[in-house]
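Text of the file input15.txt, holding compact mmCIF, C-alpha atoms and all ligand atoms:
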```txt
# COMPACT_ATOMS: atom_id res chain seq x y z
CA MET A 143 -17.81 36.11 -1.62
CA ARG A 144 -17.91 35.58 2.15
CA THR A 145 -21.02 34.97 4.16
CA ARG A 146 -21.45 34.73 7.88
CA GLY A 147 -20.85 31.19 9.08
CA SER A 148 -19.49 30.19 5.69
CA PRO A 149 -15.79 31.00 5.71
CA ARG A 150 -13.65 30.19 2.69
CA VAL A 151 -11.23 27.54 3.85
CA LEU A 152 -8.98 25.05 2.14
CA LEU A 153 -10.71 21.76 2.76
CA SER A 154 -8.61 18.67 2.71
CA ILE A 155 -10.21 15.53 1.33
CA MET A 156 -9.75 12.48 3.48
CA PRO A 157 -10.15 9.31 1.42
CA GLU A 158 -13.55 7.69 1.94
CA LEU A 159 -15.12 4.60 0.36
CA PRO A 160 -15.12 5.84 -3.28
CA GLU A 161 -11.47 6.92 -3.18
CA VAL A 162 -10.28 3.64 -1.62
CA GLU A 163 -12.45 1.57 -3.98
CA THR A 164 -10.99 3.48 -6.94
CA ILE A 165 -7.45 2.67 -5.81
CA ARG A 166 -8.40 -0.99 -5.24
CA ARG A 167 -9.85 -1.34 -8.73
CA GLN A 168 -6.88 0.35 -10.33
CA LEU A 169 -4.22 -1.64 -8.48
CA ALA A 170 -5.85 -5.09 -8.45
CA PRO A 171 -4.95 -6.14 -12.03
CA SER A 172 -1.29 -5.14 -11.57
CA LEU A 173 -0.74 -6.44 -8.05
CA THR A 174 -2.59 -9.76 -8.14
CA GLY A 175 -0.14 -12.65 -8.48
CA GLN A 176 2.94 -10.60 -7.68
CA ARG A 177 5.46 -11.71 -5.09
CA ILE A 178 6.94 -9.27 -2.59
CA ARG A 179 10.69 -9.59 -2.98
CA ALA A 180 11.89 -6.71 -0.79
CA VAL A 181 10.42 -4.26 1.71
CA ARG A 182 11.84 -0.84 2.57
CA VAL A 183 10.55 1.21 5.50
CA THR A 184 11.80 4.76 5.96
CA ARG A 185 9.31 5.97 8.58
CA SER A 186 8.38 3.65 11.44
CA ARG A 187 5.24 5.65 12.25
CA ALA A 188 3.72 4.35 9.00
CA ILE A 189 3.93 0.78 10.39
CA ARG A 190 3.28 1.66 14.04
CA ALA A 191 1.29 -1.52 14.77
CA HIS A 192 4.61 -3.37 14.48
CA ALA A 193 7.37 -3.16 17.07
CA THR A 194 10.12 -3.08 14.46
CA ALA A 195 10.53 -2.59 10.73
CA ASP A 196 12.36 -5.93 10.63
CA GLY A 197 9.30 -7.67 12.08
CA PHE A 198 7.03 -6.03 9.50
CA ARG A 199 9.43 -6.92 6.70
CA ALA A 200 9.69 -10.57 7.79
CA LEU A 201 5.91 -10.99 7.59
CA LEU A 202 5.83 -9.73 3.99
CA LEU A 203 9.00 -11.03 2.35
CA GLY A 204 8.35 -13.74 -0.24
CA ARG A 205 4.55 -13.47 0.08
CA THR A 206 2.35 -13.49 -3.02
CA ILE A 207 -0.53 -11.01 -3.37
CA LEU A 208 -3.65 -13.11 -4.02
CA ALA A 209 -6.33 -10.41 -4.27
CA LEU A 210 -7.24 -6.87 -3.24
CA HIS A 211 -10.31 -6.32 -1.07
CA ARG A 212 -11.80 -3.27 0.58
CA ARG A 213 -13.72 -2.98 3.85
CA GLY A 214 -15.04 0.52 4.49
CA LYS A 215 -12.10 2.88 4.07
CA ALA A 216 -9.54 0.08 4.61
CA LEU A 217 -7.73 -1.63 1.76
CA LEU A 218 -6.67 -5.26 2.19
CA LEU A 219 -3.98 -7.00 0.17
CA LEU A 220 -4.68 -10.70 0.70
CA LEU A 221 -1.42 -12.65 0.89
CA ASP A 222 -0.58 -16.32 0.81
CA GLY A 223 0.31 -17.80 4.18
CA ASP A 224 -3.13 -16.70 5.48
CA ARG A 225 -2.30 -13.11 6.25
CA SER A 226 -3.23 -9.72 4.84
CA LEU A 227 -1.64 -6.32 4.48
CA LEU A 228 -4.11 -3.78 5.87
CA VAL A 229 -3.67 -0.30 4.42
CA ARG A 230 -5.34 2.74 5.92
CA LEU A 231 -4.80 5.94 3.98
CA GLY A 232 -5.70 8.20 6.90
CA MET A 233 -5.87 11.89 6.00
CA SER A 234 -3.40 12.07 3.14
CA GLY A 235 -2.17 8.58 2.23
CA GLN A 236 -1.55 7.55 -1.36
CA LEU A 237 -0.54 4.31 -3.02
CA ALA A 238 1.45 4.47 -6.22
CA LEU A 239 2.72 1.72 -8.49
CA ALA A 240 6.01 2.85 -9.97
CA HIS A 241 8.93 1.49 -11.91
CA ALA A 242 12.01 1.10 -9.74
CA ASP A 243 13.88 3.83 -11.63
CA THR A 244 11.11 6.40 -11.06
CA PRO A 245 12.34 8.95 -8.47
CA VAL A 246 10.86 8.42 -5.01
CA VAL A 247 8.74 11.41 -4.01
CA PRO A 248 8.97 13.03 -0.55
CA HIS A 249 6.93 11.39 2.24
CA THR A 250 7.31 7.90 0.74
CA HIS A 251 7.38 5.79 3.91
CA VAL A 252 7.06 2.18 2.74
CA VAL A 253 8.12 0.56 -0.55
CA LEU A 254 7.27 -3.01 -1.54
CA GLU A 255 9.48 -4.30 -4.36
CA LEU A 256 7.47 -6.64 -6.56
CA SER A 257 8.44 -9.62 -8.69
CA ASP A 258 7.76 -7.77 -11.98
CA GLY A 259 10.34 -5.11 -11.06
CA ARG A 260 7.84 -2.45 -10.11
CA GLU A 261 7.31 -1.00 -6.64
CA LEU A 262 4.20 -0.33 -4.60
CA ARG A 263 4.90 2.91 -2.74
CA TYR A 264 3.03 4.22 0.27
CA ILE A 265 3.20 8.01 0.46
CA ASP A 266 1.65 9.98 3.31
CA PRO A 267 2.67 13.59 4.13
CA ARG A 268 0.75 13.66 7.40
CA THR A 269 1.29 10.00 8.33
CA PHE A 270 -2.09 9.50 9.96
CA GLY A 271 -2.47 6.41 7.79
CA GLN A 272 -0.60 3.17 8.26
CA MET A 273 0.18 -0.29 6.93
CA ALA A 274 -0.10 -3.38 9.12
CA VAL A 275 0.17 -7.10 8.50
CA VAL A 276 -2.79 -8.90 10.08
CA ALA A 277 -3.76 -12.58 10.38
CA GLY A 278 -6.28 -14.15 8.02
CA HIS A 279 -8.25 -12.95 5.01
CA ASP A 280 -11.72 -12.40 6.48
CA PRO A 281 -12.36 -8.81 7.64
CA ALA A 282 -15.09 -10.03 10.01
CA ALA A 283 -12.44 -12.00 11.91
CA MET A 284 -9.92 -9.14 12.08
CA ARG A 285 -9.81 -7.29 15.39
CA GLU A 286 -9.20 -4.04 13.48
CA LEU A 287 -12.35 -4.38 11.32
CA ALA A 288 -14.68 -6.77 13.18
CA HIS A 289 -16.83 -3.96 14.62
CA TYR A 290 -17.65 -2.47 11.21
CA GLY A 291 -21.23 -2.07 10.04
CA PRO A 292 -22.48 -3.18 6.61
CA GLU A 293 -21.05 -1.96 3.33
CA PRO A 294 -23.44 0.70 2.00
CA LEU A 295 -23.36 -0.71 -1.53
CA ASP A 296 -24.02 -4.30 -0.39
CA GLU A 297 -27.45 -5.88 -0.07
CA ALA A 298 -27.04 -5.99 3.72
CA PHE A 299 -27.44 -2.20 3.79
CA THR A 300 -31.22 -2.03 3.57
CA VAL A 301 -33.74 0.71 4.34
CA GLU A 302 -34.65 -1.36 7.42
CA HIS A 303 -31.02 -1.35 8.58
CA LEU A 304 -30.73 2.42 8.20
CA ALA A 305 -34.10 2.97 9.92
CA GLY A 306 -32.92 0.74 12.76
CA VAL A 307 -29.66 2.60 13.35
CA MET A 308 -31.36 6.02 13.16
CA ALA A 309 -34.23 5.03 15.49
CA GLY A 310 -33.95 6.23 19.06
CA LYS A 311 -30.69 8.12 18.55
CA GLY A 312 -30.47 11.69 19.78
CA THR A 313 -27.20 12.21 17.89
CA SER A 314 -27.31 13.90 14.51
CA VAL A 315 -28.06 12.24 11.18
CA GLU A 316 -24.55 13.23 10.06
CA ALA A 317 -22.94 11.55 13.10
CA VAL A 318 -24.81 8.29 12.51
CA LEU A 319 -23.85 8.24 8.82
CA MET A 320 -20.20 8.69 9.78
CA ASP A 321 -20.28 6.07 12.56
CA GLN A 322 -18.35 3.14 11.05
CA THR A 323 -20.07 0.67 13.38
CA GLN A 324 -23.47 1.52 11.80
CA VAL A 325 -22.45 1.76 8.14
CA VAL A 326 -18.88 1.87 6.79
CA GLY A 327 -16.95 4.05 4.39
CA ILE A 328 -18.79 7.37 4.77
CA GLY A 329 -16.95 10.47 5.97
CA LYS A 330 -17.64 14.19 5.78
CA ILE A 331 -17.84 14.54 2.00
CA TYR A 332 -20.37 11.82 1.33
CA ALA A 333 -22.38 12.42 4.51
CA ASP A 334 -22.92 16.07 3.49
CA GLU A 335 -23.66 15.14 -0.12
CA SER A 336 -26.08 12.33 0.82
CA CYS A 337 -28.02 14.57 3.19
CA PHE A 338 -28.39 17.22 0.47
CA LEU A 339 -29.64 14.69 -2.07
CA ALA A 340 -32.13 13.35 0.47
CA GLY A 341 -33.31 16.86 1.41
CA VAL A 342 -32.46 16.22 5.06
CA ASP A 343 -30.69 18.72 7.36
CA PRO A 344 -27.61 16.79 8.60
CA ARG A 345 -27.91 18.43 12.04
CA ARG A 346 -31.27 16.88 12.83
CA ALA A 347 -31.60 14.24 15.51
CA ALA A 348 -31.39 10.82 13.88
CA ARG A 349 -34.57 9.66 15.65
CA SER A 350 -36.58 12.53 14.11
CA LEU A 351 -36.39 11.11 10.57
CA THR A 352 -39.64 9.87 9.07
CA ARG A 353 -39.74 6.60 7.17
CA ASP A 354 -39.88 8.54 3.90
CA GLU A 355 -36.80 10.51 4.87
CA VAL A 356 -34.90 7.35 5.83
CA THR A 357 -35.87 5.82 2.48
CA ARG A 358 -34.65 8.91 0.62
CA LEU A 359 -31.42 8.99 2.63
CA HIS A 360 -30.75 5.30 1.96
CA ALA A 361 -31.17 5.83 -1.78
CA ALA A 362 -29.08 9.01 -1.63
CA VAL A 363 -26.14 7.30 0.11
CA ARG A 364 -26.01 4.56 -2.51
CA ASP A 365 -26.47 6.95 -5.42
CA VAL A 366 -23.78 9.40 -4.24
CA LEU A 367 -21.22 6.67 -3.50
CA ALA A 368 -21.82 4.87 -6.81
CA ARG A 369 -21.47 8.09 -8.79
CA ALA A 370 -18.34 9.08 -6.87
CA ILE A 371 -16.73 5.70 -7.65
CA ALA A 372 -17.61 6.16 -11.33
CA CYS A 373 -15.78 9.54 -11.13
CA ARG A 374 -12.72 7.95 -9.38
CA GLY A 375 -13.40 9.85 -6.18
CA THR A 376 -13.18 13.46 -5.04
CA SER A 377 -10.02 15.57 -4.99
CA GLY A 378 -10.02 18.52 -2.61
CA GLN A 379 -8.89 22.08 -3.11
CA ASP A 380 -5.49 20.91 -1.80
CA SER A 381 -5.34 18.19 -4.53
CA ALA A 382 -4.04 15.79 -1.85
CA TYR A 383 -6.12 12.86 -3.04
CA ARG A 384 -4.72 11.19 -6.12
CA ASP A 385 -5.84 7.88 -7.56
CA ALA A 386 -3.35 5.03 -8.01
CA HIS A 387 -2.32 6.50 -11.37
CA GLY A 388 -1.52 9.86 -9.77
CA GLU A 389 -4.57 11.52 -11.31
CA LEU A 390 -7.09 13.75 -9.55
CA GLY A 391 -10.62 12.39 -9.07
CA ASP A 392 -13.53 13.99 -10.92
CA PHE A 393 -16.34 14.02 -8.40
CA GLN A 394 -15.43 17.48 -7.04
CA CYS A 395 -17.07 18.81 -10.24
CA HIS A 396 -20.34 17.19 -9.15
CA LEU A 397 -20.39 18.21 -5.48
CA THR A 398 -23.58 19.97 -4.45
CA VAL A 399 -22.68 21.28 -0.97
CA TYR A 400 -19.26 20.00 0.16
CA GLN A 401 -16.54 22.59 -0.58
CA ARG A 402 -19.26 24.95 -1.85
CA ALA A 403 -19.72 27.21 1.19
CA GLY A 404 -21.05 30.61 0.13
CA GLN A 405 -21.83 29.46 -3.41
CA PRO A 406 -25.39 29.26 -4.74
CA CYS A 407 -27.29 25.98 -4.33
CA ARG A 408 -27.46 24.21 -7.68
CA VAL A 409 -31.21 23.63 -7.12
CA CYS A 410 -32.58 26.83 -5.55
CA GLY A 411 -29.79 29.43 -5.63
CA THR A 412 -29.68 29.95 -1.85
CA LEU A 413 -26.09 30.27 -0.59
CA ILE A 414 -24.68 27.00 0.78
CA GLU A 415 -23.89 27.25 4.48
CA TYR A 416 -20.92 25.71 6.31
CA ARG A 417 -21.61 25.80 10.00
CA PRO A 418 -19.93 24.49 13.13
CA PHE A 419 -21.96 21.67 14.62
CA GLN A 420 -21.07 19.32 17.47
CA GLY A 421 -17.33 19.53 17.04
CA ARG A 422 -17.32 19.34 13.26
CA ARG A 423 -18.71 21.45 10.45
CA VAL A 424 -21.47 20.60 8.03
CA HIS A 425 -22.39 21.91 4.60
CA PHE A 426 -26.05 22.27 3.70
CA CYS A 427 -28.60 24.31 1.77
CA PRO A 428 -30.88 26.00 4.32
CA HIS A 429 -33.73 26.03 1.79
CA CYS A 430 -33.57 22.54 0.25
CA GLN A 431 -32.77 20.62 3.44
CA ARG A 432 -35.25 20.36 6.28
ZN ZN A 501 -31.11 24.69 -2.27
```
When written as structure tokens, how does the structure in this file appear?
Amino acid sequence: MRTRGSPRVLLSIMPELPEVETIRRQLAPSLTGQRIRAVRVTRSRAIRAHATADGFRALLLGRTILALHRRGKALLLLLDGDRSLLVRLGMSGQLALAHADTPVVPHTHVVLELSDGRELRYIDPRTFGQMAVVAGHDPAAMRELAHYGPEPLDEAFTVEHLAGVMAGKGTSVEAVLMDQTQVVGIGKIYADESCFLAGVDPRRAARSLTRDEVTRLHAAVRDVLARAIACRGTSGQDSAYRDAHGELGDFQCHLTVYQRAGQPCRVCGTLIEYRPFQGRRVHFCPHCQR
């Protein structure tokens, strides 16, 4: 069924915090302690921070993976020699751990051959994502990540912090939630879902939120992200997001507004709207969200 302002469209899912955290958790046990014994690059755009594939390869060859960390939507493979491999999945990036004899799928741009004979493969049809070797292990000291706000599931993300970043801002609630310098890891899916759970219209000016609304939004962000991680993330109608085992996430079954344009609100039955707003589109229930 079509409704005005709520067109049926194929929404792609760009990996956000829960999807990247899922991949980190799945890969960490297999990758930790492995040595990188060869590096193959078949698309230079996937390593565009480096001048040459040879330069990228030289920084990785022989390095041991010490741990996997995540900062916002970025995945970090901490390596010996005080450097890290920063992985951004962009719009459609995937990481897959495969045996060497498993056929390489199309759009595989970087392959790291590991000491146990398996390969870590970076696949990205649209190639908005990238891999880059950066100095150090501390995200706060990395030029690429130093400007990031607190992790929403860490203690540093308090009601006071959220109230502070909303206060005085004429931009929308949705825009502040998606601003990585204020709080990291949230994109369109979890901004829309958090606003629904909090009962807040995502188009409202950030400064108009009451303390109660900020408190509800803070709890909603944490609740939605934690549940999405437990479901191994959200796969879109295009099924582009796959976890590190190649499986779809489960959280799309629990979405309340995102991808549900024109469908009845799970709380009140009003049709979910999907409206253009300040250069993007937002999903919301016009009855439940004020
Ligand atoms: Zn509703």
Which polymer residues have any atom within 9 Å of an atom of Val356 of chain A, counting only C-alpha atoms, with same-chain residues fewer than 6 positions away left out, as a PDB file with C-alpha atoms, keeping the file's coordinate frame?
```
ATOM      1  CA  VAL A 301     -33.740   0.710   4.340  1.00  0.00           C
ATOM      2  CA  GLU A 302     -34.650  -1.360   7.420  1.00  0.00           C
ATOM      3  CA  LEU A 304     -30.730   2.420   8.200  1.00  0.00           C
ATOM      4  CA  ALA A 305     -34.100   2.970   9.920  1.00  0.00           C
ATOM      5  CA  MET A 308     -31.360   6.020  13.160  1.00  0.00           C
ATOM      6  CA  ALA A 340     -32.130  13.350   0.470  1.00  0.00           C
TER       7      ALA A 340
END
```
Please give me, as a VMD selection string, the residues lying within 6 Å of ligand ZN 501 (chain A) when counting all atoms listed in the file. chain A and resid 407 409 to 412 427 429 to 430
Could you write out that same residue set with C-alpha atoms as an mmCIF file, in the coordinates of the input?
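And here is the file that came out, out39.cif:
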```cif
data_model
loop_
_atom_site.group_PDB
_atom_site.id
_atom_site.type_symbol
_atom_site.label_atom_id
_atom_site.label_comp_id
_atom_site.auth_asym_id
_atom_site.auth_seq_id
_atom_site.Cartn_x
_atom_site.Cartn_y
_atom_site.Cartn_z
ATOM 1 C CA CYS A 407 -27.290 25.980 -4.330
ATOM 2 C CA VAL A 409 -31.210 23.630 -7.120
ATOM 3 C CA CYS A 410 -32.580 26.830 -5.550
ATOM 4 C CA GLY A 411 -29.790 29.430 -5.630
ATOM 5 C CA THR A 412 -29.680 29.950 -1.850
ATOM 6 C CA CYS A 427 -28.600 24.310 1.770
ATOM 7 C CA HIS A 429 -33.730 26.030 1.790
ATOM 8 C CA CYS A 430 -33.570 22.540 0.250
#
```
Just the number, please: distance in Å from atom CA of Leu218 of chain A to atom CA of Glu389 of chain A, one decimal. 21.6 Å
For Arg225 of chain A, the nearest of the candidates A:Ala362, A:Met284, A:Leu262, A:Met320, counting all atoms listed in the file: A:Met284
Polymer residues at most 10 Å from Tyr290 of chain A, all atoms listed in the file, same-chain spacing of 2 or more positions, as a list in words: Arg213, Gly214, Pro281, Ala282, Glu286, Leu287, Ala288, Pro292, Glu293, Asp321, Gln322, Thr323, Gln324, Val325, Val326 and Gly327 of chain A
Which polymer residues, whether protein, DNA or RNA, lie within 10 Å of the coordinate (5.4, -12.0, 0.5) when you count all atoms listed in the file? List them as an MDAnalysis selection string, using the chain letters and numbers from the file. chainID A and resid 176:181 199:207 221:223 225:227 254:257
Residue list as a VMD selection string for point (0.0, -1.7, -5.9), cut-off 7 Å, all atoms listed in the file: chain A and resid 169 172 to 173 237 to 239 262
Would you mind telling me which residue in A:Val307, A:Ile328, A:Val229, A:Ala372 lies nearest to Val276 of chain A when using all atoms listed in the file?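 When distances to Val276 of chain A are compared using all atoms listed in the file, the smallest one comes from A:Val229.
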Extract, using all atoms listed in the file, all DNA, RNA and protein residues at most 8 Å from Ser377 of chain A, discarding same-chain residues fewer than 2 positions from it, and format them as a ChimeraX atom specification. /A:155,375,379-384,390-394
Using all atoms listed in the file, pick whichever of A:Arg374, A:Ile414, A:Asp196, A:Val342 has the shortest atom-to-atom distance to Cys395 of chain A.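 For Cys395 of chain A, the nearest of the candidates is A:Arg374.
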Within 10 Å of Ala333 of chain A using only C-alpha atoms, minus same-chain residues under 3 positions, as a list of chain:residue names: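 These residues fall inside the cut-off: A:Val315, A:Glu316, A:Ala317, A:Val318, A:Leu319, A:Met320, A:Gly327, A:Ile328, A:Gly329, A:Lys330, A:Ser336, A:Cys337, A:Phe338, A:Pro344, A:Leu359, A:Ala362, A:Val363, A:Val366, A:Leu367, A:Tyr400, A:Val424, A:His425.
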Counting all atoms listed in the file, which of A:Val252, A:Asp385, A:Arg369, A:Gly310 gets nearest to Leu351 of chain A? A:Gly310
Would you list the contacts of Gly312 of chain A as a PyMOL selection string, taking every protein, DNA or RNA residue within 7 Å and counting all atoms listed in the file, but skipping same-chain residues closer than 4 positions in sequence? chain A and resi 347-349
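Atom CA of Gly421 of chain A sits 14.8 Å away from atom CA of Arg346 of chain A.
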Pick from A:Ile331, A:Val253, A:Val399, A:Val275, whichever lies nearest to Met156 of chain A using all atoms listed in the file: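 Answer, going by the shortest atom-to-atom distance: A:Ile331.
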Straight-line distance linking atom CA of His211 of chain A with atom CA of Arg166 of chain A, stated in Å to one decimal: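 Atom CA of Arg166 of chain A lies at a distance of 7.0 Å from atom CA of His211 of chain A.
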